[in-house]
Amino acid sequence: MTTVLDSIIEGVREDLEARARQTPLSEMQALAASADSALDAHTALEAGRDDPSGVRIIAEVKRSSPSKGALAEIPDPAALAAAYQSGGASVISVLTESRRFGGSLSDLAAVRAGVDIPVLRKDFMVDEYQFHEARAYGADLVLLIVAALDDRQLRDFLSLTHELGMNALVEAHTEEEIERAVTVGSRIVGVNVRNLKTLDVDLNHYSAMARHLPHDVVRVAESGVSGPDGVLDYARQGADAVLVGEALVKHGDPTAAVKSFRSASLSKEAQ
Ligand SMILES: O=C(O)c1ccccc1NCC(=O)[C@H](O)[C@H](O)COP(=O)(O)O
């Protein structure tokens with residue numbers, strides 16, 4: 001059966017083939033090589049651990065989604081990202097997939113130029129070309145979705161990410177995917193409580209998976225936050241960082257929203 005994830009990836013492959021015809025791999029590699037060095041997203045997120053200033057927020061630029069349709073117009077993604085940074089976000093996530101999420105590489109470049117914290121290229125990374133492209137457009141961090149990759153791709157893409165000076169947020173949904181992420185040496189592991197094959201969101205899923213995350217990886221809780229209490233819940237369950245999209249793009253005051261998420265986690269009691 002074709003899943004939502006399969007059909008997104010089919011479109012991603014078609015789009016990237018068209019871009020590679022315009023700008024061949026060798027040219028994209030040269031652009032990546034001449035880009036400013038990547039910022040250290042691992043340190044930015046790791047700082048959430050045992051830190052009195054609380055859990056780190058990865059704040060997302062997300063116009064639409066397969067599960068919810070249109071979310072926000074976001075005419076100026078750089079301004080939104082700067083507002084997130086002012087509120088205390090540690091990393092900005094930029095969805096660059098266009099068909100379902102309304103994102104683009106131009107959004108990534110604009111955000112990169114508008115903030116001085118690490119930027120995540122949030123896309124469906126299935127081809128070497130996209131990694132050079134991510135770096136060329138200023139990404140510091142890329143997303144690797146375990147469910148979309150076999151073990152060899154996961155290992156090779158993680159190595160390529162590191163060779164290019166970036167970090168990877170390696171996203172898992174099941175215990176088996178966490179194990180695969182850890183086995184290949186991932187240093188930042190996310191648990192997405194949204195099942196990308198069915199789009200179901202289960203807020204209790206992070207707590208069920210958290211015990212499988214080793215202590216030496218940066219632990220990221222992804223999706224489903226609707227307000228400060230959601231961030232606090234993930235922080236109490238041991239998340240070092242929380243990735244938030246919809247609740248931020250729909251909030252009228254993104255700076256205040258990120259601030260409230262950060263301060264909620266300050267009250268995190270013993271984990
Ligand atoms: O958001 C979706 O509907 C979606 C569907 C299929 C693949 C990925 C999808 N979203 C990517 C994400 O995981 C989220 O953008 C991110 O974790 C933030 O989630 P939220 O705070 O719930 O918007």
# chains A, B, ... in the order shown; residues from 1 in each chain; ligands from 1

$ residues_near_ligand --ligand "ligand 1" --cutoff "6 Å" --atoms "only C-alpha atoms and all ligand atoms" --output "ChimeraX atom specification"
/A:65-67,196,199,222-225,243-246

$ residues_around --residues "stretch 216-218 of chain A" --least-positions-apart "6" --cutoff "10 Å" --atoms "only C-alpha atoms" --output "list in words"
His42, Thr43, Leu45, Glu46, Ala47, Gly48, Arg49, Leu169, Val182, Gly185, Ser186, Arg187, Ile188, Val189, Gly190, Ala239, Asp240 and Ala241 of chain A

$ write_last_selection --atoms "N, CA and C atoms" --output "mmCIF file, in the first residue's frame"
data_model
loop_
_atom_site.group_PDB
_atom_site.id
_atom_site.type_symbol
_atom_site.label_atom_id
_atom_site.label_comp_id
_atom_site.auth_asym_id
_atom_site.auth_seq_id
_atom_site.Cartn_x
_atom_site.Cartn_y
_atom_site.Cartn_z
ATOM 1 N N HIS A 42 24.612 20.831 16.943
ATOM 2 C CA HIS A 42 24.674 19.847 18.027
ATOM 3 C C HIS A 42 24.893 20.557 19.361
ATOM 4 N N THR A 43 25.857 21.458 19.382
ATOM 5 C CA THR A 43 26.126 22.195 20.630
ATOM 6 C C THR A 43 24.920 23.053 21.012
ATOM 7 N N LEU A 45 21.850 22.486 20.543
ATOM 8 C CA LEU A 45 20.752 21.687 21.091
ATOM 9 C C LEU A 45 21.160 20.953 22.362
ATOM 10 N N GLU A 46 22.395 20.524 22.412
ATOM 11 C CA GLU A 46 22.892 19.797 23.574
ATOM 12 C C GLU A 46 22.831 20.674 24.817
ATOM 13 N N ALA A 47 22.978 21.973 24.610
ATOM 14 C CA ALA A 47 22.983 22.893 25.743
ATOM 15 C C ALA A 47 21.693 22.819 26.540
ATOM 16 N N GLY A 48 20.631 22.213 25.966
ATOM 17 C CA GLY A 48 19.368 22.073 26.694
ATOM 18 C C GLY A 48 19.476 21.129 27.872
ATOM 19 N N ARG A 49 20.454 20.249 27.790
ATOM 20 C CA ARG A 49 20.592 19.225 28.826
ATOM 21 C C ARG A 49 21.171 19.806 30.118
ATOM 22 N N LEU A 169 19.562 15.731 12.152
ATOM 23 C CA LEU A 169 18.503 15.335 13.083
ATOM 24 C C LEU A 169 17.924 14.056 12.493
ATOM 25 N N VAL A 182 20.515 4.848 16.111
ATOM 26 C CA VAL A 182 21.637 4.804 17.057
ATOM 27 C C VAL A 182 22.771 3.944 16.495
ATOM 28 N N GLY A 185 25.235 5.629 14.349
ATOM 29 C CA GLY A 185 26.047 6.671 14.981
ATOM 30 C C GLY A 185 25.409 8.053 15.014
ATOM 31 N N SER A 186 24.086 8.111 14.976
ATOM 32 C CA SER A 186 23.417 9.423 15.036
ATOM 33 C C SER A 186 23.693 10.099 16.377
ATOM 34 N N ARG A 187 23.898 11.388 16.327
ATOM 35 C CA ARG A 187 24.200 12.147 17.551
ATOM 36 C C ARG A 187 23.007 12.978 18.020
ATOM 37 N N ILE A 188 22.065 13.204 17.115
ATOM 38 C CA ILE A 188 20.844 13.936 17.465
ATOM 39 C C ILE A 188 19.686 13.076 16.958
ATOM 40 N N VAL A 189 18.870 12.579 17.870
ATOM 41 C CA VAL A 189 17.797 11.675 17.458
ATOM 42 C C VAL A 189 16.452 12.280 17.862
ATOM 43 N N GLY A 190 15.557 12.361 16.886
ATOM 44 C CA GLY A 190 14.211 12.867 17.164
ATOM 45 C C GLY A 190 13.211 11.733 17.179
ATOM 46 N N ALA A 239 13.172 15.231 27.109
ATOM 47 C CA ALA A 239 13.598 15.809 25.826
ATOM 48 C C ALA A 239 14.575 16.959 26.083
ATOM 49 N N ASP A 240 15.644 16.988 25.299
ATOM 50 C CA ASP A 240 16.588 18.111 25.369
ATOM 51 C C ASP A 240 16.075 19.275 24.526
ATOM 52 N N ALA A 241 15.339 18.937 23.471
ATOM 53 C CA ALA A 241 14.828 19.964 22.556
ATOM 54 C C ALA A 241 13.467 19.520 22.036
#

$ closest_atom_pairs --of "stretch 78-193 of chain A" --to "stretch 254-257 of chain A" --cutoff "8 Å" --atoms "only C-alpha atoms" --output "tab-separated table"
residue	atom	partner	partner_atom	distance
A:Leu80	CA	A:Pro254	CA	7.3
A:Ala83	CA	A:Thr255	CA	4.9
A:Tyr84	CA	A:Thr255	CA	5.2
A:Gln85	CA	A:Thr255	CA	7.5
A:Ser86	CA	A:Thr255	CA	5.9
A:Gly87	CA	A:Thr255	CA	4.2
A:Gly88	CA	A:Thr255	CA	7.9

$ write_last_selection --atoms "N, CA and C atoms" --output "compact mmCIF listing (two decimals), in the first residue's frame"
# COMPACT_ATOMS: atom_id res chain seq x y z
N LEU A 80 9.86 35.95 10.22
CA LEU A 80 9.31 34.99 11.19
C LEU A 80 10.45 34.32 11.97
N ALA A 83 11.90 36.58 14.49
CA ALA A 83 11.01 36.67 15.66
C ALA A 83 11.20 35.46 16.56
N TYR A 84 11.34 34.28 15.96
CA TYR A 84 11.61 33.07 16.75
C TYR A 84 12.93 33.22 17.52
N GLN A 85 13.93 33.72 16.81
CA GLN A 85 15.24 33.88 17.47
C GLN A 85 15.13 34.85 18.65
N SER A 86 14.39 35.95 18.47
CA SER A 86 14.23 36.91 19.57
C SER A 86 13.56 36.28 20.78
N GLY A 87 12.67 35.32 20.51
CA GLY A 87 11.99 34.65 21.62
C GLY A 87 12.85 33.62 22.32
N GLY A 88 14.01 33.29 21.73
CA GLY A 88 14.92 32.35 22.40
C GLY A 88 15.01 30.98 21.73

$ select_by_dssp --residues "stretch 35-83 of chain A" --states "helix (DSSP H, G or I)" --output "list in words"
Ala41, His42, Thr43, Ala44, Leu45, Glu46, Pro77, Ala78, Ala79, Leu80, Ala81, Ala82 and Ala83 of chain A

$ atom_distance --atom1 "atom CA of A:Asp229" --atom2 "atom CA of A:Ala264"
6.9 Å

$ atom_distance --atom1 "atom CA of A:Arg19" --atom2 "atom CA of A:Leu108"
15.6 Å

$ select_by_dssp --residues "stretch 173-218 of chain A" --states "strand (DSSP E)" --output "NGL selection string"
:A and (188-192 or 218)

$ closest_residue --among "A:Arg180, A:Leu160, A:His173, A:Gln237" --to "A:Asp200" --atoms "only C-alpha atoms"
A:His173

$ residues_around --residues "A:Gly138" --least-positions-apart "3" --cutoff "8 Å" --atoms "only C-alpha atoms" --output "PDB file with C-alpha atoms, in the first residue's frame"
ATOM      1  CA  ALA A  35      29.354  28.425   1.307  1.00  0.00           C
ATOM      2  CA  ASP A  36      30.152  29.830   4.765  1.00  0.00           C
ATOM      3  CA  ALA A  38      27.961  25.445   8.981  1.00  0.00           C
ATOM      4  CA  LEU A 108      16.002  28.426   3.461  1.00  0.00           C
ATOM      5  CA  ALA A 109      18.403  31.015   2.033  1.00  0.00           C
ATOM      6  CA  ARG A 112      19.838  31.718   6.819  1.00  0.00           C
ATOM      7  CA  VAL A 119      19.087  26.406  10.494  1.00  0.00           C
ATOM      8  CA  ALA A 134      21.233  22.069   1.638  1.00  0.00           C
ATOM      9  CA  ARG A 135      24.773  23.266   2.348  1.00  0.00           C
TER      10      ARG A 135
END

$ closest_residue --among "A:Glu27, A:Asp156, A:Glu10, A:Asp116" --to "A:Ala89" --atoms "only C-alpha atoms"
A:Asp116

$ residues_around --residues "A:Ile9" --least-positions-apart "6" --cutoff "9 Å" --atoms "only C-alpha atoms" --output "list in words"
Phe124, Met125, Val126 and Ala148 of chain A
